[in-house]
$ cat coords39.csv   # CSV, C-alpha atoms
chain,number,residue,atom,x,y,z
A,11,MET,CA,-63.5,-14.6,-33.9
A,12,ILE,CA,-59.7,-14.9,-33.7
A,13,LYS,CA,-59.5,-12.0,-31.3
A,14,LYS,CA,-62.2,-13.5,-29.1
A,15,LEU,CA,-60.4,-16.9,-29.0
A,16,LYS,CA,-57.2,-15.1,-28.0
A,17,LEU,CA,-59.0,-13.3,-25.2
A,18,LYS,CA,-60.5,-16.5,-24.0
A,19,LYS,CA,-57.1,-18.2,-23.9
A,20,ALA,CA,-55.7,-15.1,-22.1
A,21,ALA,CA,-58.5,-15.2,-19.5
A,22,LEU,CA,-58.0,-18.8,-18.7
A,23,LYS,CA,-54.3,-18.3,-18.3
A,24,LEU,CA,-54.9,-15.4,-15.9
A,25,ARG,CA,-57.4,-17.6,-14.0
A,26,ASP,CA,-55.2,-20.7,-13.7
A,27,GLU,CA,-51.6,-19.5,-13.7
A,28,ASN,CA,-49.4,-17.0,-11.8
A,29,VAL,CA,-48.4,-14.9,-14.9
A,30,LYS,CA,-47.5,-11.3,-15.6
A,31,ILE,CA,-50.0,-9.2,-17.5
A,32,LEU,CA,-47.3,-8.1,-19.8
A,33,ASP,CA,-46.4,-11.7,-20.8
A,34,VAL,CA,-50.1,-12.6,-21.4
A,35,ALA,CA,-50.6,-9.4,-23.5
A,36,TYR,CA,-47.7,-10.2,-25.8
A,37,GLU,CA,-48.6,-13.9,-26.0
A,38,SER,CA,-52.0,-12.8,-27.1
A,39,GLY,CA,-50.6,-10.7,-30.0
A,40,PHE,CA,-51.0,-7.3,-28.4
A,41,ASN,CA,-48.2,-4.7,-28.9
A,42,SER,CA,-48.8,-3.0,-25.6
A,43,VAL,CA,-50.2,-3.8,-22.2
A,44,ASP,CA,-52.5,-0.7,-22.4
A,45,GLY,CA,-54.0,-2.0,-25.6
A,46,PHE,CA,-54.5,-5.5,-24.1
A,47,GLN,CA,-56.1,-4.0,-21.0
A,48,ARG,CA,-58.5,-1.9,-23.0
A,49,VAL,CA,-59.7,-4.8,-25.2
A,50,PHE,CA,-59.9,-7.2,-22.2
A,51,TYR,CA,-62.0,-4.7,-20.3
A,52,LYS,CA,-64.3,-4.1,-23.3
A,53,GLU,CA,-64.8,-7.8,-23.7
A,54,PHE,CA,-65.3,-8.9,-20.1
A,55,GLY,CA,-65.9,-5.7,-18.0
A,56,TYR,CA,-62.8,-6.3,-15.8
A,57,ASN,CA,-59.2,-5.2,-16.3
A,58,PRO,CA,-56.8,-8.2,-16.5
A,59,LYS,CA,-55.1,-7.5,-13.1
A,60,GLU,CA,-58.4,-7.3,-11.3
A,61,TYR,CA,-59.6,-10.5,-13.0
A,62,SER,CA,-56.3,-12.3,-12.2
A,63,ASN,CA,-56.6,-11.5,-8.5
A,64,HIS,CA,-60.2,-12.4,-8.3
A,65,PRO,CA,-61.5,-14.6,-11.1
A,66,VAL,CA,-65.3,-14.3,-11.5
A,67,PRO,CA,-67.6,-16.0,-14.0
A,68,ILE,CA,-67.4,-14.2,-17.3
A,69,SER,CA,-68.7,-14.9,-20.8
A,70,LEU,CA,-66.0,-16.6,-22.8
A,71,PHE,CA,-66.3,-17.0,-26.5
A,72,THR,CA,-66.9,-20.5,-27.7
A,73,PRO,CA,-67.5,-21.8,-31.2
A,74,TYR,CA,-69.7,-24.5,-29.7
A,75,GLY,CA,-73.0,-22.7,-30.5
A,76,VAL,CA,-71.8,-21.5,-33.9
A,77,LYS,CA,-70.4,-24.9,-34.9
A,78,TYR,CA,-73.7,-26.7,-34.1
A,79,LYS,CA,-76.2,-23.9,-34.9
A,80,ILE,CA,-77.6,-25.6,-38.0
A,81,LYS,CA,-81.1,-26.4,-38.9
A,82,GLU,CA,-82.3,-29.3,-36.8
A,83,ARG,CA,-83.5,-32.2,-38.9
A,84,GLU,CA,-84.8,-35.7,-38.3
A,85,ILE,CA,-81.8,-38.0,-37.7
A,86,GLU,CA,-81.8,-41.2,-39.7
A,87,LYS,CA,-81.1,-44.3,-37.7
A,88,MET,CA,-78.0,-46.0,-38.9
A,89,SER,CA,-76.0,-49.0,-37.9
A,90,VAL,CA,-74.0,-48.5,-34.7
A,91,LYS,CA,-70.2,-48.2,-34.9
A,92,SER,CA,-67.8,-49.1,-32.1
A,93,VAL,CA,-68.9,-47.7,-28.7
A,94,PHE,CA,-66.5,-47.9,-25.7
A,95,ILE,CA,-68.0,-48.3,-22.2
A,96,THR,CA,-66.2,-47.5,-19.0
A,97,VAL,CA,-67.3,-47.4,-15.3
A,98,VAL,CA,-66.5,-44.0,-13.8
A,99,GLU,CA,-67.2,-42.6,-10.3
A,100,LYS,CA,-68.0,-39.0,-9.5
A,101,PRO,CA,-67.6,-37.4,-6.1
A,102,ALA,CA,-70.2,-35.6,-4.2
A,103,ARG,CA,-70.3,-32.2,-5.8
A,104,LYS,CA,-72.2,-29.0,-6.6
A,105,VAL,CA,-73.3,-28.1,-10.1
A,106,ILE,CA,-73.8,-24.5,-11.2
A,107,ILE,CA,-76.6,-24.7,-13.8
A,108,LYS,CA,-78.5,-22.5,-16.1
A,109,ARG,CA,-82.1,-23.7,-16.3
A,110,GLY,CA,-84.2,-23.6,-19.5
A,111,ILE,CA,-88.0,-23.5,-19.8
A,112,LYS,CA,-89.1,-26.7,-21.5
A,113,ALA,CA,-86.0,-27.9,-23.3
A,114,THR,CA,-85.2,-31.6,-23.6
A,115,HIS,CA,-82.2,-31.2,-25.8
A,116,TYR,CA,-79.5,-28.7,-27.0
A,117,PHE,CA,-81.4,-27.1,-29.8
A,118,ASP,CA,-84.5,-26.2,-27.7
A,119,TYR,CA,-82.2,-25.1,-24.9
A,120,CYS,CA,-80.3,-22.8,-27.2
A,121,ASN,CA,-83.5,-21.2,-28.4
A,122,GLU,CA,-84.7,-20.7,-24.8
A,123,VAL,CA,-81.6,-19.3,-23.1
A,124,GLY,CA,-79.1,-18.6,-25.9
A,125,CYS,CA,-75.9,-20.3,-27.0
A,126,ASP,CA,-73.6,-18.1,-25.0
A,127,VAL,CA,-74.3,-19.9,-21.7
A,128,TRP,CA,-71.5,-22.3,-22.5
A,129,GLY,CA,-68.9,-19.5,-22.6
A,130,THR,CA,-69.8,-18.4,-19.1
A,131,LEU,CA,-69.6,-22.0,-17.8
A,132,VAL,CA,-66.1,-22.4,-19.4
A,133,SER,CA,-64.9,-19.5,-17.3
A,134,ILE,CA,-65.7,-21.3,-14.1
A,135,LYS,CA,-63.0,-23.7,-13.0
A,136,SER,CA,-64.5,-27.2,-13.0
A,137,ILE,CA,-63.4,-30.3,-11.0
A,138,SER,CA,-64.0,-32.3,-14.2
A,139,ASN,CA,-62.1,-29.8,-16.4
A,140,GLU,CA,-65.1,-28.9,-18.6
A,141,PRO,CA,-68.7,-27.9,-18.5
A,142,VAL,CA,-71.5,-30.5,-18.8
A,143,CYS,CA,-75.0,-30.8,-20.1
A,144,LEU,CA,-77.5,-32.6,-17.9
A,145,TRP,CA,-80.9,-34.3,-18.1
A,146,LEU,CA,-82.2,-33.7,-14.6
A,147,PRO,CA,-84.3,-36.2,-12.7
A,148,LYS,CA,-87.7,-34.8,-11.5
A,149,LYS,CA,-86.5,-34.0,-8.0
A,150,PHE,CA,-84.0,-31.5,-9.4
A,151,ILE,CA,-86.4,-29.7,-11.7
A,152,LYS,CA,-88.1,-26.6,-10.5
A,153,GLU,CA,-91.6,-25.9,-11.6
A,154,GLY,CA,-91.7,-24.2,-15.0
A,155,THR,CA,-88.1,-25.1,-15.9
A,156,SER,CA,-86.5,-27.6,-18.2
A,157,GLU,CA,-85.2,-31.2,-17.8
A,158,TYR,CA,-82.2,-30.3,-20.0
A,159,VAL,CA,-79.7,-27.8,-18.6
A,160,GLN,CA,-76.1,-26.8,-19.0
A,161,GLY,CA,-73.8,-26.5,-16.0
A,162,VAL,CA,-70.3,-26.9,-14.4
A,163,GLU,CA,-69.3,-29.3,-11.7
A,164,VAL,CA,-67.5,-27.7,-8.7
A,165,SER,CA,-66.5,-28.9,-5.3
A,166,LEU,CA,-68.9,-29.0,-2.4
A,167,ASP,CA,-67.1,-26.1,-0.7
A,168,TYR,CA,-67.3,-23.9,-3.7
A,169,SER,CA,-67.9,-20.3,-2.6
A,170,GLY,CA,-67.3,-18.3,-5.7
A,171,GLU,CA,-69.7,-15.9,-7.3
A,172,LEU,CA,-72.8,-17.2,-9.0
A,173,PRO,CA,-73.6,-15.7,-12.4
A,174,ASP,CA,-77.0,-13.9,-12.7
A,175,GLY,CA,-79.8,-16.2,-13.5
A,176,PHE,CA,-77.9,-19.4,-12.6
A,177,ASP,CA,-78.7,-21.9,-9.9
A,178,VAL,CA,-76.9,-24.5,-7.8
A,179,ILE,CA,-77.8,-28.1,-7.2
A,180,GLU,CA,-75.9,-30.7,-5.0
A,181,LEU,CA,-75.3,-34.2,-6.3
A,182,PRO,CA,-74.2,-37.2,-4.3
A,183,ARG,CA,-71.2,-39.5,-5.0
A,184,SER,CA,-72.3,-41.7,-7.8
A,185,LYS,CA,-71.2,-44.2,-10.5
A,186,TYR,CA,-71.7,-43.8,-14.2
A,187,LEU,CA,-71.3,-45.9,-17.4
A,188,MET,CA,-69.4,-43.7,-19.8
A,189,PHE,CA,-70.4,-44.3,-23.4
A,190,GLN,CA,-67.8,-43.0,-25.9
A,191,GLY,CA,-68.2,-43.3,-29.6
A,192,GLU,CA,-65.5,-43.3,-32.3
A,193,PRO,CA,-63.9,-40.0,-33.5
A,194,PHE,CA,-66.2,-38.3,-36.0
A,195,ALA,CA,-66.2,-35.5,-38.6
A,196,GLU,CA,-67.9,-32.4,-37.1
A,197,GLU,CA,-70.5,-32.3,-39.9
A,198,ASP,CA,-71.6,-35.8,-38.8
A,199,PHE,CA,-72.3,-35.0,-35.2
A,200,GLU,CA,-76.0,-35.6,-35.4
A,201,GLN,CA,-75.6,-39.0,-36.9
A,202,THR,CA,-72.9,-39.8,-34.3
A,203,ILE,CA,-75.2,-38.8,-31.4
A,204,SER,CA,-78.0,-40.9,-32.8
A,205,GLU,CA,-75.8,-44.0,-33.1
A,206,LEU,CA,-74.6,-43.6,-29.5
A,207,TRP,CA,-78.3,-43.3,-28.3
A,208,GLU,CA,-79.1,-46.5,-30.1
A,209,ALA,CA,-76.2,-48.3,-28.3
A,210,GLU,CA,-77.4,-47.0,-24.9
A,211,LYS,CA,-80.9,-48.3,-25.5
A,212,LYS,CA,-79.6,-51.7,-26.3
A,213,TYR,CA,-77.2,-52.0,-23.4
A,214,ASP,CA,-78.1,-53.9,-20.2
A,215,PRO,CA,-76.0,-52.8,-17.2
A,216,SER,CA,-76.7,-56.0,-15.4
A,217,ALA,CA,-73.9,-57.5,-17.4
A,218,LEU,CA,-71.6,-55.6,-15.1
A,219,GLY,CA,-73.7,-56.1,-12.0
A,220,TYR,CA,-75.5,-52.7,-12.1
A,221,SER,CA,-78.9,-51.3,-12.8
A,222,TRP,CA,-79.8,-47.8,-14.1
A,223,ASP,CA,-80.0,-45.1,-11.4
A,224,GLU,CA,-83.0,-42.8,-12.0
A,225,GLU,CA,-82.1,-40.6,-9.1
A,226,ASN,CA,-79.0,-39.0,-10.7
A,227,PRO,CA,-78.8,-37.0,-13.9
A,228,LYS,CA,-77.7,-38.3,-17.3
A,229,ILE,CA,-74.6,-36.3,-18.5
A,230,GLN,CA,-73.6,-35.1,-21.9
A,231,LEU,CA,-70.2,-33.8,-22.8
A,232,GLU,CA,-69.4,-31.3,-25.6
A,233,PRO,CA,-69.4,-33.2,-28.9
A,234,ILE,CA,-65.7,-33.0,-30.0
A,235,GLY,CA,-64.9,-34.9,-33.1
A,236,THR,CA,-61.3,-35.9,-32.2
A,237,ARG,CA,-62.4,-37.7,-29.0
A,238,GLY,CA,-65.8,-39.1,-30.0
A,239,TYR,CA,-69.2,-38.3,-28.6
A,240,ILE,CA,-69.5,-39.0,-24.9
A,241,GLU,CA,-72.5,-39.5,-22.5
A,242,LEU,CA,-72.5,-40.7,-18.9
A,243,LEU,CA,-75.5,-42.7,-17.7
A,244,PRO,CA,-76.0,-43.1,-13.9
A,245,ILE,CA,-75.9,-46.7,-12.4
A,246,LYS,CA,-76.3,-48.2,-9.0
$ encode --input "coords39.csv" --output "structure tokens"
Amino acid sequence: MIKKLKLKKAALKLRDENVKILDVAYESGFNSVDGFQRVFYKEFGYNPKEYSNHPVPISLFTPYGVKYKIKEREIEKMSVKSVFITVVEKPARKVIIKRGIKATHYFDYCNEVGCDVWGTLVSIKSISNEPVCLWLPKKFIKEGTSEYVQGVEVSLDYSGELPDGFDVIELPRSKYLMFQGEPFAEEDFEQTISELWEAEKKYDPSALGYSWDEENPKIQLEPIGTRGYIELLPIK
């Protein structure tokens, strides 16, 4: 796992920075460039120089699927803690997505397409700095595919390679209410999500002069305990 995390960090550095292969190799704990190149190629199918010159979607290791791959259980409804609400605006954009089959949430999606999709999405440079999970409105759902998908937001002029089995949708400029819960312990993530959902159900956007927008997808960010659980609900 440690080696995979080091290779992930190296790949992102090669993607985003003008760095020497030698420096990245030593920063990653390798004693030689040759050794780094062999391991990098074995992991991703590209040598570091080739990838640095032309970054393509690759499958990066992520502990996301491991961390949350626990037995799904019924979540007890508990009192809601503090939830912070902010109006955010997203530009017109493309989203590279991997569709499921019938999934309506993460656990079903993982069972349908696997938990390694996230690693591939992380390798694609996003305009929002991280991948997203989406609940798609009907107009974006292809027959025989799921409402819940994982994807990465990119610019409208994105012309990079598309990973096999992925699709692209185009979303308009839109506004969202960002619901952000308190920081939480990783083992409490299910309870934290349940609490935020309860807050969303109770909230009336007309207090801010808006109504819910059913034409745009609801967005879920990766549950990270140190920042709190975050969802974005579309408004108009």
$ residues_around --input "coords39.csv" --residues "stretch 28-40 of chain A" --least-positions-apart "5" --cutoff "8 Å" --atoms "all atoms listed in the file" --output "ChimeraX atom specification"
/A:16-17,20,23,45-46,58-59
$ atom_distance --input "coords39.csv" --atom1 "atom CA of A:Arg103" --atom2 "atom CA of A:Glu157"
19.2 Å
$ residues_around --input "coords39.csv" --residues "A:Phe199" --least-positions-apart "2" --cutoff "10 Å" --atoms "all atoms listed in the file" --output "ChimeraX atom specification"
/A:78,193-197,201-205,233-235,238-239
$ residues_around --input "coords39.csv" --residues "A:Lys152" --least-positions-apart "6" --cutoff "12 Å" --atoms "only C-alpha atoms" --output "PyMOL selection string"
chain A and resi 108-112+146+158-159+177-179
$ atom_distance --input "coords39.csv" --atom1 "atom CA of A:Ala21" --atom2 "atom CA of A:Lys104"
23.3 Å
